[in-house]
>>> print(open('work.pdb').read())   # PDB, C-alpha atoms
MODEL        1
ATOM      1  CA  MET A   1      47.133 106.057  46.218
ATOM      2  CA  PHE A   2      43.785 106.529  44.483
ATOM      3  CA  GLY A   3      45.104 107.115  40.991
ATOM      4  CA  HIS A   4      42.702 104.612  39.430
ATOM      5  CA  PRO A   5      39.276 105.137  41.022
ATOM      6  CA  ALA A   6      37.439 103.100  38.373
ATOM      7  CA  LEU A   7      39.671 100.088  39.052
ATOM      8  CA  LEU A   8      39.156 100.400  42.805
ATOM      9  CA  ALA A   9      35.396 100.760  42.325
ATOM     10  CA  GLY A  10      35.355  97.642  40.167
ATOM     11  CA  LEU A  11      37.327  95.669  42.742
ATOM     12  CA  ALA A  12      35.003  96.878  45.491
ATOM     13  CA  ALA A  13      31.959  95.816  43.477
ATOM     14  CA  VAL A  14      33.422  92.358  42.873
ATOM     15  CA  ALA A  15      34.226  92.045  46.574
ATOM     16  CA  VAL A  16      30.648  92.948  47.534
ATOM     17  CA  ILE A  17      29.243  90.413  45.071
ATOM     18  CA  LEU A  18      31.570  87.664  46.307
ATOM     19  CA  ALA A  19      30.686  88.476  49.921
ATOM     20  CA  ALA A  20      26.973  88.239  49.102
ATOM     21  CA  VAL A  21      27.461  84.900  47.347
ATOM     22  CA  TYR A  22      29.408  83.561  50.317
ATOM     23  CA  LEU A  23      26.825  84.820  52.812
ATOM     24  CA  LEU A  24      23.882  83.379  50.910
ATOM     25  CA  THR A  25      25.645  80.051  50.406
ATOM     26  CA  MET A  26      26.388  79.723  54.107
ATOM     27  CA  TYR A  27      22.846  80.765  54.990
ATOM     28  CA  GLN A  28      21.439  78.158  52.643
ATOM     29  CA  ARG A  29      23.659  75.431  54.069
ATOM     30  CA  VAL A  30      22.669  76.225  57.642
ATOM     31  CA  ASP A  31      19.028  77.232  57.382
ATOM     32  CA  VAL A  32      17.766  75.104  54.506
ATOM     33  CA  ARG A  33      19.436  71.957  55.789
ATOM     34  CA  ALA A  34      17.914  72.519  59.251
ATOM     35  CA  ALA A  35      14.492  73.121  57.692
ATOM     36  CA  ARG A  36      14.709  69.884  55.706
ATOM     37  CA  GLN A  37      15.617  67.863  58.770
ATOM     38  CA  ALA A  38      12.937  69.261  61.079
ATOM     39  CA  PRO A  39      10.251  71.433  59.496
ATOM     40  CA  ARG A  40       9.342  74.312  61.781
ATOM     41  CA  THR A  41       6.358  76.574  61.816
ATOM     42  CA  ALA A  42       6.642  80.340  62.049
ATOM     43  CA  THR A  43       5.502  80.313  65.664
ATOM     44  CA  HIS A  44       8.162  77.759  66.588
ATOM     45  CA  THR A  45      10.876  79.863  64.949
ATOM     46  CA  CYS A  46       9.773  82.931  66.879
ATOM     47  CA  ALA A  47       9.472  80.965  70.111
ATOM     48  CA  ILE A  48      13.187  80.185  70.172
ATOM     49  CA  LEU A  49      13.960  83.886  70.608
ATOM     50  CA  GLY A  50      14.414  84.844  74.225
ATOM     51  CA  LEU A  51      13.354  88.124  75.796
ATOM     52  CA  ARG A  52      16.766  89.701  75.236
ATOM     53  CA  GLU A  53      16.825  88.796  71.536
ATOM     54  CA  ARG A  54      13.287  90.093  71.030
ATOM     55  CA  LEU A  55      14.197  93.355  72.754
ATOM     56  CA  VAL A  56      17.311  93.848  70.631
ATOM     57  CA  LEU A  57      15.403  92.961  67.457
ATOM     58  CA  GLY A  58      12.631  95.386  68.391
ATOM     59  CA  VAL A  59      15.116  98.212  68.982
ATOM     60  CA  LEU A  60      16.822  97.526  65.639
ATOM     61  CA  VAL A  61      13.517  97.453  63.749
ATOM     62  CA  LEU A  62      12.320 100.634  65.449
ATOM     63  CA  THR A  63      15.612 102.397  64.702
ATOM     64  CA  ALA A  64      15.465 101.348  61.050
ATOM     65  CA  LEU A  65      11.882 102.593  60.760
ATOM     66  CA  VAL A  66      12.688 105.950  62.356
ATOM     67  CA  MET A  67      15.773 106.402  60.177
ATOM     68  CA  GLY A  68      13.744 105.507  57.086
ATOM     69  CA  MET A  69      10.800 107.774  57.857
ATOM     70  CA  ALA A  70      12.664 110.790  59.269
ATOM     71  CA  PRO A  71      16.315 110.761  58.168
ATOM     72  CA  GLN A  72      16.815 114.541  58.266
ATOM     73  CA  PRO A  73      18.000 114.839  61.912
ATOM     74  CA  ILE A  74      20.635 112.172  61.282
ATOM     75  CA  LEU A  75      21.730 113.811  58.040
ATOM     76  CA  ASP A  76      21.967 117.218  59.728
ATOM     77  CA  ARG A  77      24.099 115.801  62.523
ATOM     78  CA  ASN A  78      26.407 114.101  60.017
ATOM     79  CA  ARG A  79      26.728 117.337  58.059
ATOM     80  CA  ARG A  80      27.691 119.253  61.224
ATOM     81  CA  LEU A  81      30.228 116.605  62.206
ATOM     82  CA  GLY A  82      31.661 116.562  58.695
ATOM     83  CA  ALA A  83      32.050 120.337  58.705
ATOM     84  CA  ARG A  84      34.199 120.126  61.846
ATOM     85  CA  VAL A  85      36.631 117.701  60.230
TER      86      VAL A  85
ENDMDL
END
>>> encode(input="work.pdb", output="structure tokens")
Amino acid sequence: MFGHPALLAGLAAVAVILAAVYLLTMYQRVDVRAARQAPRTATHTCAILGLRERLVLGVLVLTALVMGMAPQPILDRNRRLGARV
């Protein structure tokens, strides 16, 4: 099935690039158009987030920071799980 890894890697790279182009295009259409119609300040943008969204965002940011500053426990756990497979 994986007789041509370079071809598959090239297709995967093209797919990632196309996905990024699509994502950025859609983001620009939604966000930039809304900003042109009604300019918002940074405080207004943050004010539309409810308590639940702020909590989820805070947990995600904290998790990303912990994983970035101390990745070794996560890597060790993955290594142990991979050894069992």
>>> atom_distance(input="work.pdb", atom1="CA of Pro71 in chain A", atom2="CA of Val59 in chain A")
16.6 Å
>>> atom_distance(input="work.pdb", atom1="CA of Gly68 in chain A", atom2="CA of Gly50 in chain A")
26.9 Å
>>> atom_distance(input="work.pdb", atom1="CA of Leu75 in chain A", atom2="CA of Thr63 in chain A")
14.6 Å
